[in-house]
$ cat input.pdb   # PDB, C-alpha atoms and all ligand atoms
ATOM      1  CA  MET A  74    -136.694 -52.906 -34.696
ATOM      2  CA  ARG A  75    -135.608 -55.035 -31.785
ATOM      3  CA  ILE A  76    -135.647 -53.698 -28.228
ATOM      4  CA  LYS A  77    -133.762 -55.374 -25.422
ATOM      5  CA  LEU A  78    -134.825 -54.548 -21.856
ATOM      6  CA  LEU A  79    -131.498 -54.533 -20.026
ATOM      7  CA  GLY A  80    -132.854 -53.643 -16.577
ATOM      8  CA  THR A  81    -136.438 -53.880 -15.324
ATOM      9  CA  ALA A  82    -136.362 -52.719 -11.680
ATOM     10  CA  ALA A  83    -137.241 -49.484  -9.935
ATOM     11  CA  ALA A  84    -134.618 -47.291  -8.233
ATOM     12  CA  GLU A  85    -133.359 -49.656  -5.516
ATOM     13  CA  GLY A  86    -133.249 -52.820  -7.641
ATOM     14  CA  PHE A  87    -135.179 -56.014  -6.942
ATOM     15  CA  PRO A  88    -134.115 -57.463  -4.533
ATOM     16  CA  ALA A  89    -133.126 -54.189  -2.872
ATOM     17  CA  ILE A  90    -129.670 -54.761  -1.453
ATOM     18  CA  TYR A  91    -130.491 -54.025   2.201
ATOM     19  CA  CYS A  92    -134.058 -55.311   2.208
ATOM     20  CA  VAL A  93    -135.401 -58.356   4.031
ATOM     21  CA  CYS A  94    -139.049 -58.043   2.937
ATOM     22  CA  PRO A  95    -140.636 -61.351   1.839
ATOM     23  CA  ALA A  96    -140.416 -60.434  -1.873
ATOM     24  CA  CYS A  97    -136.692 -59.651  -1.698
ATOM     25  CA  LEU A  98    -135.905 -62.795   0.299
ATOM     26  CA  GLU A  99    -137.874 -64.928  -2.145
ATOM     27  CA  ALA A 100    -136.322 -63.240  -5.201
ATOM     28  CA  ARG A 101    -132.824 -63.893  -3.769
ATOM     29  CA  ARG A 102    -133.682 -67.533  -3.112
ATOM     30  CA  LYS A 103    -135.109 -68.156  -6.593
ATOM     31  CA  GLY A 104    -132.762 -66.006  -8.697
ATOM     32  CA  GLY A 105    -133.167 -66.044 -12.514
ATOM     33  CA  PRO A 106    -135.787 -63.575 -13.820
ATOM     34  CA  ASN A 107    -136.666 -62.635 -10.221
ATOM     35  CA  ILE A 108    -133.436 -60.629 -10.060
ATOM     36  CA  ARG A 109    -133.946 -57.213 -11.635
ATOM     37  CA  THR A 110    -131.364 -54.447 -12.196
ATOM     38  CA  ARG A 111    -132.144 -50.746 -12.656
ATOM     39  CA  SER A 112    -133.991 -49.771 -15.834
ATOM     40  CA  GLY A 113    -132.504 -49.228 -19.256
ATOM     41  CA  ALA A 114    -132.931 -50.586 -22.775
ATOM     42  CA  ILE A 115    -131.262 -50.637 -26.161
ATOM     43  CA  ILE A 116    -132.739 -50.754 -29.669
ATOM     44  CA  ASP A 117    -130.837 -52.300 -32.600
ATOM     45  CA  GLU A 118    -127.476 -51.661 -30.931
ATOM     46  CA  ASP A 119    -127.470 -47.935 -31.707
ATOM     47  CA  LEU A 120    -130.279 -46.282 -29.733
ATOM     48  CA  LYS A 121    -129.918 -46.422 -25.940
ATOM     49  CA  LEU A 122    -132.725 -45.559 -23.539
ATOM     50  CA  ASP A 123    -131.480 -44.124 -20.240
ATOM     51  CA  TYR A 124    -128.048 -44.536 -18.718
ATOM     52  CA  GLY A 125    -128.507 -45.721 -15.163
ATOM     53  CA  PRO A 126    -126.103 -47.044 -12.536
ATOM     54  CA  ASP A 127    -126.302 -50.636 -13.847
ATOM     55  CA  THR A 128    -125.223 -49.719 -17.382
ATOM     56  CA  MET A 129    -121.746 -51.228 -16.966
ATOM     57  CA  ALA A 130    -123.261 -54.473 -15.625
ATOM     58  CA  HIS A 131    -125.616 -54.538 -18.658
ATOM     59  CA  VAL A 132    -122.662 -54.158 -21.027
ATOM     60  CA  TYR A 133    -120.906 -57.143 -19.431
ATOM     61  CA  ALA A 134    -124.039 -59.310 -19.128
ATOM     62  CA  HIS A 135    -125.132 -58.804 -22.746
ATOM     63  CA  ASN A 136    -121.787 -58.193 -24.461
ATOM     64  CA  LEU A 137    -122.947 -54.778 -25.709
ATOM     65  CA  ARG A 138    -120.832 -52.563 -27.955
ATOM     66  CA  LEU A 139    -121.613 -49.117 -26.571
ATOM     67  CA  ASP A 140    -119.166 -47.568 -29.058
ATOM     68  CA  ARG A 141    -121.945 -48.280 -31.601
ATOM     69  CA  MET A 142    -124.455 -46.188 -29.620
ATOM     70  CA  ARG A 143    -125.422 -43.187 -31.776
ATOM     71  CA  TYR A 144    -128.449 -41.897 -29.894
ATOM     72  CA  LEU A 145    -129.124 -41.675 -26.167
ATOM     73  CA  LEU A 146    -132.690 -40.857 -25.103
ATOM     74  CA  VAL A 147    -132.968 -39.931 -21.441
ATOM     75  CA  THR A 148    -136.425 -40.063 -19.865
ATOM     76  CA  HIS A 149    -135.493 -37.969 -16.800
ATOM     77  CA  SER A 150    -132.641 -37.231 -14.438
ATOM     78  CA  HIS A 151    -133.469 -39.542 -11.498
ATOM     79  CA  GLU A 152    -130.430 -41.534 -10.381
ATOM     80  CA  ASP A 153    -131.840 -44.883 -11.492
ATOM     81  CA  HIS A 154    -132.117 -43.517 -15.053
ATOM     82  CA  PHE A 155    -129.207 -41.134 -15.511
ATOM     83  CA  THR A 156    -125.833 -41.442 -13.796
ATOM     84  CA  PRO A 157    -123.593 -40.061 -16.525
ATOM     85  CA  TRP A 158    -120.104 -40.492 -15.111
ATOM     86  CA  GLU A 159    -119.450 -43.678 -17.079
ATOM     87  CA  PHE A 160    -120.730 -41.964 -20.205
ATOM     88  CA  PHE A 161    -117.802 -39.592 -19.820
ATOM     89  CA  THR A 162    -115.358 -42.547 -20.048
ATOM     90  CA  ARG A 163    -116.094 -42.548 -23.777
ATOM     91  CA  ARG A 164    -113.420 -39.827 -23.894
ATOM     92  CA  PRO A 165    -109.755 -40.253 -24.917
ATOM     93  CA  GLY A 166    -107.686 -41.456 -21.993
ATOM     94  CA  PHE A 167    -110.465 -43.870 -21.001
ATOM     95  CA  SER A 168    -111.491 -45.334 -24.392
ATOM     96  CA  HIS A 169    -109.948 -45.898 -27.826
ATOM     97  CA  LEU A 170    -112.667 -45.448 -30.454
ATOM     98  CA  GLU A 171    -112.434 -46.192 -34.179
ATOM     99  CA  PRO A 172    -111.275 -43.040 -35.987
ATOM    100  CA  GLY A 173    -114.274 -41.105 -37.243
ATOM    101  CA  THR A 174    -116.710 -42.501 -34.656
ATOM    102  CA  PRO A 175    -119.464 -39.869 -34.575
ATOM    103  CA  PRO A 176    -120.556 -38.149 -31.348
ATOM    104  CA  VAL A 177    -123.483 -39.552 -29.374
ATOM    105  CA  ALA A 178    -126.594 -37.451 -29.890
ATOM    106  CA  VAL A 179    -128.136 -37.076 -26.426
ATOM    107  CA  TYR A 180    -131.812 -36.098 -26.054
ATOM    108  CA  GLY A 181    -133.414 -35.201 -22.749
ATOM    109  CA  ASN A 182    -134.877 -32.433 -20.605
ATOM    110  CA  ALA A 183    -133.038 -29.312 -19.374
ATOM    111  CA  LYS A 184    -132.001 -30.981 -16.102
ATOM    112  CA  VAL A 185    -130.388 -33.847 -18.020
ATOM    113  CA  GLY A 186    -128.588 -31.317 -20.226
ATOM    114  CA  SER A 187    -127.253 -29.519 -17.150
ATOM    115  CA  MET A 188    -125.658 -32.775 -15.941
ATOM    116  CA  LEU A 189    -123.546 -33.181 -19.090
ATOM    117  CA  ARG A 190    -120.083 -31.685 -18.682
ATOM    118  CA  PRO A 191    -119.434 -28.643 -20.896
ATOM    119  CA  ALA A 192    -115.716 -29.601 -21.076
ATOM    120  CA  ASP A 193    -116.670 -32.649 -23.136
ATOM    121  CA  LEU A 194    -118.052 -30.425 -25.868
ATOM    122  CA  GLU A 195    -114.465 -29.407 -26.683
ATOM    123  CA  PRO A 196    -113.805 -31.381 -29.893
ATOM    124  CA  VAL A 197    -111.078 -34.023 -29.841
ATOM    125  CA  ASP A 198    -109.649 -34.661 -33.344
ATOM    126  CA  GLY A 199    -112.452 -32.413 -34.598
ATOM    127  CA  VAL A 200    -115.239 -34.508 -33.046
ATOM    128  CA  PRO A 201    -117.167 -33.644 -29.850
ATOM    129  CA  ALA A 202    -117.979 -36.552 -27.523
ATOM    130  CA  TRP A 203    -121.672 -35.759 -27.633
ATOM    131  CA  THR A 204    -124.299 -33.291 -28.772
ATOM    132  CA  PHE A 205    -127.362 -32.373 -26.733
ATOM    133  CA  THR A 206    -130.924 -31.566 -27.781
ATOM    134  CA  GLU A 207    -133.491 -30.467 -25.213
ATOM    135  CA  VAL A 208    -136.749 -32.263 -25.940
ATOM    136  CA  ARG A 209    -140.202 -30.732 -25.653
ATOM    137  CA  HIS A 210    -143.614 -32.314 -25.235
ATOM    138  CA  GLY A 211    -145.274 -33.215 -28.531
ATOM    139  CA  GLU A 212    -142.222 -32.503 -30.696
ATOM    140  CA  THR A 213    -140.690 -35.044 -33.074
ATOM    141  CA  TYR A 214    -136.975 -35.524 -33.652
ATOM    142  CA  GLU A 215    -135.326 -37.253 -36.633
ATOM    143  CA  MET A 216    -132.409 -39.493 -35.640
ATOM    144  CA  GLY A 217    -131.106 -41.414 -38.643
ATOM    145  CA  ASP A 218    -133.719 -44.112 -39.371
ATOM    146  CA  TYR A 219    -135.610 -43.250 -36.188
ATOM    147  CA  ARG A 220    -138.387 -40.726 -35.590
ATOM    148  CA  VAL A 221    -138.824 -39.988 -31.912
ATOM    149  CA  THR A 222    -141.672 -38.015 -30.337
ATOM    150  CA  ALA A 223    -141.358 -36.801 -26.747
ATOM    151  CA  VAL A 224    -144.477 -37.011 -24.548
ATOM    152  CA  HIS A 225    -144.887 -35.605 -21.036
ATOM    153  CA  ALA A 226    -144.757 -38.201 -18.274
ATOM    154  CA  ASN A 227    -146.775 -37.960 -15.057
ATOM    155  CA  HIS A 228    -143.777 -38.462 -12.800
ATOM    156  CA  ASP A 229    -141.891 -35.595 -11.121
ATOM    157  CA  PRO A 230    -143.188 -32.004 -11.373
ATOM    158  CA  ALA A 231    -139.662 -30.714 -10.620
ATOM    159  CA  GLU A 232    -138.533 -31.507 -14.169
ATOM    160  CA  ALA A 233    -140.013 -32.235 -17.611
ATOM    161  CA  CYS A 234    -139.985 -36.053 -17.418
ATOM    162  CA  MET A 235    -140.672 -37.670 -20.800
ATOM    163  CA  VAL A 236    -141.763 -40.937 -22.309
ATOM    164  CA  TYR A 237    -140.885 -41.563 -25.943
ATOM    165  CA  VAL A 238    -142.684 -42.769 -29.063
ATOM    166  CA  ILE A 239    -139.997 -44.402 -31.223
ATOM    167  CA  GLN A 240    -140.661 -45.199 -34.875
ATOM    168  CA  LYS A 241    -138.502 -47.054 -37.381
ATOM    169  CA  GLU A 242    -139.261 -48.839 -40.653
ATOM    170  CA  GLY A 243    -143.020 -48.419 -40.220
ATOM    171  CA  ARG A 244    -143.109 -49.823 -36.681
ATOM    172  CA  THR A 245    -144.064 -47.846 -33.564
ATOM    173  CA  LEU A 246    -143.003 -48.367 -29.942
ATOM    174  CA  LEU A 247    -143.953 -46.517 -26.755
ATOM    175  CA  TYR A 248    -141.246 -46.469 -24.086
ATOM    176  CA  GLY A 249    -143.680 -45.389 -21.398
ATOM    177  CA  HIS A 250    -141.846 -45.053 -18.109
ATOM    178  CA  ASP A 251    -141.337 -43.640 -15.564
ATOM    179  CA  SER A 252    -144.893 -42.382 -15.433
ATOM    180  CA  GLY A 253    -148.169 -42.581 -13.603
ATOM    181  CA  CYS A 254    -151.403 -42.535 -15.599
ATOM    182  CA  TYR A 255    -150.950 -40.241 -18.602
ATOM    183  CA  SER A 256    -152.516 -36.782 -18.611
ATOM    184  CA  GLU A 257    -155.051 -35.749 -21.238
ATOM    185  CA  ALA A 258    -152.323 -33.608 -22.861
ATOM    186  CA  SER A 259    -150.191 -36.734 -23.194
ATOM    187  CA  TRP A 260    -153.064 -38.793 -24.599
ATOM    188  CA  GLU A 261    -153.621 -36.073 -27.206
ATOM    189  CA  VAL A 262    -150.148 -36.820 -28.582
ATOM    190  CA  LEU A 263    -150.343 -40.606 -28.083
ATOM    191  CA  ARG A 264    -153.615 -40.736 -30.077
ATOM    192  CA  ARG A 265    -151.672 -39.765 -33.221
ATOM    193  CA  PHE A 266    -150.093 -43.236 -33.264
ATOM    194  CA  ARG A 267    -150.986 -46.895 -33.640
ATOM    195  CA  PHE A 268    -148.582 -48.861 -31.502
ATOM    196  CA  ASP A 269    -146.950 -52.206 -32.251
ATOM    197  CA  CYS A 270    -145.450 -52.346 -28.751
ATOM    198  CA  VAL A 271    -146.246 -50.497 -25.508
ATOM    199  CA  ILE A 272    -143.876 -50.667 -22.529
ATOM    200  CA  MET A 273    -145.478 -49.467 -19.296
ATOM    201  CA  ASP A 274    -144.490 -48.449 -15.761
ATOM    202  CA  CYS A 275    -145.528 -51.115 -13.234
ATOM    203  CA  THR A 276    -143.524 -49.934 -10.226
ATOM    204  CA  PHE A 277    -146.203 -50.969  -7.725
ATOM    205  CA  GLY A 278    -146.575 -54.490  -9.131
ATOM    206  CA  PRO A 279    -150.070 -55.830  -8.391
ATOM    207  CA  LEU A 280    -151.068 -52.768  -6.321
ATOM    208  CA  SER A 281    -153.135 -49.902  -7.692
ATOM    209  CA  HIS A 282    -151.291 -46.573  -8.079
ATOM    210  CA  GLU A 283    -152.109 -43.699 -10.425
ATOM    211  CA  ASP A 284    -149.805 -40.749  -9.781
ATOM    212  CA  GLY A 285    -146.043 -40.726 -10.454
ATOM    213  CA  HIS A 286    -145.896 -44.438 -11.104
ATOM    214  CA  MET A 287    -148.385 -47.166 -11.932
ATOM    215  CA  GLY A 288    -149.369 -50.641 -10.851
ATOM    216  CA  PHE A 289    -150.784 -53.537 -12.844
ATOM    217  CA  PRO A 290    -154.453 -52.397 -12.622
ATOM    218  CA  GLN A 291    -153.424 -49.141 -14.387
ATOM    219  CA  ASN A 292    -151.448 -51.111 -17.017
ATOM    220  CA  ARG A 293    -154.639 -53.031 -17.747
ATOM    221  CA  GLN A 294    -156.576 -49.757 -18.082
ATOM    222  CA  ILE A 295    -154.034 -48.351 -20.530
ATOM    223  CA  ARG A 296    -154.236 -51.491 -22.676
ATOM    224  CA  GLU A 297    -158.031 -51.386 -22.691
ATOM    225  CA  LYS A 298    -158.092 -47.662 -23.548
ATOM    226  CA  MET A 299    -155.593 -48.085 -26.389
ATOM    227  CA  LEU A 300    -157.540 -51.015 -27.855
ATOM    228  CA  ARG A 301    -160.840 -49.137 -27.495
ATOM    229  CA  GLU A 302    -159.558 -45.927 -29.070
ATOM    230  CA  GLY A 303    -157.653 -47.544 -31.945
ATOM    231  CA  MET A 304    -154.121 -46.855 -30.684
ATOM    232  CA  ALA A 305    -153.469 -50.611 -30.538
ATOM    233  CA  ASP A 306    -154.896 -53.885 -31.799
ATOM    234  CA  GLU A 307    -154.766 -57.539 -30.817
ATOM    235  CA  LYS A 308    -151.255 -57.842 -32.310
ATOM    236  CA  THR A 309    -149.825 -55.032 -30.159
ATOM    237  CA  ALA A 310    -147.362 -56.300 -27.556
ATOM    238  CA  PHE A 311    -147.980 -54.800 -24.100
ATOM    239  CA  VAL A 312    -145.135 -55.157 -21.621
ATOM    240  CA  SER A 313    -144.984 -54.007 -17.988
ATOM    241  CA  THR A 314    -141.667 -53.098 -16.354
ATOM    242  CA  HIS A 315    -139.812 -50.984 -13.713
ATOM    243  CA  TYR A 316    -140.827 -53.238 -10.809
ATOM    244  CA  SER A 317    -140.272 -52.351  -7.165
ATOM    245  CA  HIS A 318    -140.158 -54.965  -4.394
ATOM    246  CA  ASN A 319    -142.631 -52.722  -2.503
ATOM    247  CA  GLY A 320    -145.381 -54.326  -4.599
ATOM    248  CA  LEU A 321    -144.367 -57.597  -2.882
ATOM    249  CA  ALA A 322    -144.609 -59.611  -6.097
ATOM    250  CA  ASP A 323    -141.567 -61.195  -7.755
ATOM    251  CA  TYR A 324    -141.429 -62.206 -11.412
ATOM    252  CA  ASP A 325    -143.114 -65.588 -10.900
ATOM    253  CA  GLU A 326    -145.960 -64.019  -8.936
ATOM    254  CA  MET A 327    -146.469 -61.265 -11.554
ATOM    255  CA  VAL A 328    -146.610 -63.864 -14.353
ATOM    256  CA  ARG A 329    -149.347 -65.638 -12.386
ATOM    257  CA  ILE A 330    -151.258 -62.366 -11.843
ATOM    258  CA  ALA A 331    -150.916 -61.357 -15.502
ATOM    259  CA  GLN A 332    -152.285 -64.631 -16.888
ATOM    260  CA  ASP A 333    -154.896 -63.885 -19.573
ATOM    261  CA  SER A 334    -154.352 -60.110 -19.203
ATOM    262  CA  GLY A 335    -152.693 -59.737 -22.628
ATOM    263  CA  ILE A 336    -149.739 -58.067 -20.864
ATOM    264  CA  LEU A 337    -146.245 -59.553 -20.750
ATOM    265  CA  ILE A 338    -144.144 -59.313 -17.589
ATOM    266  CA  SER A 339    -140.643 -58.065 -18.335
ATOM    267  CA  TYR A 340    -137.388 -59.574 -17.082
ATOM    268  CA  ASP A 341    -133.791 -58.466 -17.469
ATOM    269  CA  GLY A 342    -132.564 -59.377 -20.955
ATOM    270  CA  MET A 343    -136.064 -59.668 -22.483
ATOM    271  CA  GLU A 344    -136.005 -59.004 -26.241
ATOM    272  CA  ILE A 345    -139.042 -57.864 -28.191
ATOM    273  CA  GLN A 346    -139.178 -57.799 -31.975
ATOM    274  CA  VAL A 347    -141.351 -54.779 -32.680
TER     275      VAL A 347
HETATM  276 ZN    ZN B 401    -137.228 -45.037 -12.205
HETATM  277 ZN    ZN B 402    -137.719 -55.794  -0.313
HETATM  278 ZN    ZN B 403    -138.028 -41.589 -11.792
END
$ encode --input "input.pdb" --output "structure tokens"
Amino acid sequence: MRIKLLGTAAAEGFPAIYCVCPACLEARRKGGPNIRTRSGAIIDEDLKLDYGPDTMAHVYAHNLRLDRMRYLLVTHSHEDHFTPWEFFTRRPGFSHLEPGTPPVAVYGNAKVGSMLRPADLEPVDGVPAWTFTEVRHGETYEMGDYRVTAVHANHDPAEACMVYVIQKEGRTLLYGHDSGCYSEASWEVLRRFRFDCVIMDCTFGPLSHEDGHMGFPQNRQIREKMLREGMADEKTAFVSTHYSHNGLADYDEMVRIAQDSGILISYDGMEIQV
């Protein structure tokens, strides 16, 4: 499978639009991969991860065909990951879909489900716009060629935030943010897998941070633990993402810091063949 990281910033984007910190000023000056939009990703055109406020910009920048999206996995309800109004424009009156286009199967926690509009479940031409499945920690869901296992994130105790293990054609990916260092209950599930690609929360950039989000020192620890405990090997791709300017390190600086770490620094539009 091929995953494209459409956005790689934390909630306020990088540069943050009002911010004059040195990292934001430098990112604005340099442009290119130093400019990060809010997080989201897509796999093989049909499985979308999160639906944040930059989704429309991602569609334009990467010429996406969202009408081909069949599955939408939502990690949690925070505004940088789930702002569903534009999802509702998939409805008649806003969009003309090919006849017979199936509904989007949405997976997420109860809070995410509560943000979907019940009116959209009314079928149009016999087809609802979407279906919803509430995910639970440690459970696996079959979605066409995909097998997806939900794993508790260490992020916001107010809701059941999830990271996802996504498997297809014998390959295994961890979409591991937003999350701080994983709990033992989460590791118990993660140990069932051997990962070909691991995408990690690096909100704090080079700074150390364990709870709610991570920084690069914690990304290094996760890589070392996975290699040590057989969840990964030297061929596993480790990628850090979800950067905030508060870590005061733009893309170029993170690439310098990550030299020889075995961890790739994400940028908007990065594609990884898993
Ligand atoms: Zn976030
Ligand atoms: Zn800033
Ligand atoms: Zn969040």
$ closest_residue --input "input.pdb" --among "A:Arg164, A:His169, A:Arg143, A:Arg109" --to "Gly217 in chain A" --atoms "all atoms listed in the file"
A:Arg143
$ resolve_selection --input "input.pdb" --expression "the PyMOL selection byres (((chain A and resi 74-81) around 10) and not hetatm)" --output "ChimeraX atom specification"
/A:82-84,86-87,106,108-118,120-122,125,127-128,130-132,134-135,219,239-246,270,272,274-276,313-317,338-347
$ residues_near_ligand --input "input.pdb" --ligand "ligand ZN 402 (chain B)" --cutoff "10 Å" --atoms "all atoms listed in the file" --output "PyMOL selection string"
chain A and resi 85-100+317-323
$ residues_near_ligand --input "input.pdb" --ligand "ligand ZN 403 (chain B)" --cutoff "8 Å" --atoms "all atoms listed in the file" --output "list in words"
Ala84, His149, Ser150, His151, Glu152, Asp153, His154, His228, Asp229, Asp251 and Ser252 of chain A
$ resolve_selection --input "input.pdb" --expression "the PyMOL selection byres (((chain A and resi 190) around 10) and not hetatm)" --output "compact mmCIF listing (two decimals) with C-alpha atoms, keeping the file's coordinate frame"
# COMPACT_ATOMS: atom_id res chain seq x y z
CA PRO A 157 -123.59 -40.06 -16.52
CA TRP A 158 -120.10 -40.49 -15.11
CA PHE A 161 -117.80 -39.59 -19.82
CA GLY A 186 -128.59 -31.32 -20.23
CA SER A 187 -127.25 -29.52 -17.15
CA MET A 188 -125.66 -32.78 -15.94
CA LEU A 189 -123.55 -33.18 -19.09
CA PRO A 191 -119.43 -28.64 -20.90
CA ALA A 192 -115.72 -29.60 -21.08
CA ASP A 193 -116.67 -32.65 -23.14
CA LEU A 194 -118.05 -30.42 -25.87
CA TRP A 203 -121.67 -35.76 -27.63
$ closest_residue --input "input.pdb" --among "A:Met299, A:Met273, A:Val177, A:Val238" --to "ligand ZN 401 (chain B)" --atoms "only C-alpha atoms and all ligand atoms"
A:Met273
$ atom_distance --input "input.pdb" --atom1 "CA of Ala178 in chain A" --atom2 "CA of Val236 in chain A"
17.3 Å
$ resolve_selection --input "input.pdb" --expression "the PyMOL selection byres (((chain A and resi 311) around 6) and not hetatm)" --output "list in words"
Cys270, Val271, Ala310, Val312 and Ile336 of chain A
$ atom_distance --input "input.pdb" --atom1 "CA of Glu215 in chain A" --atom2 "CA of Tyr180 in chain A"
11.2 Å
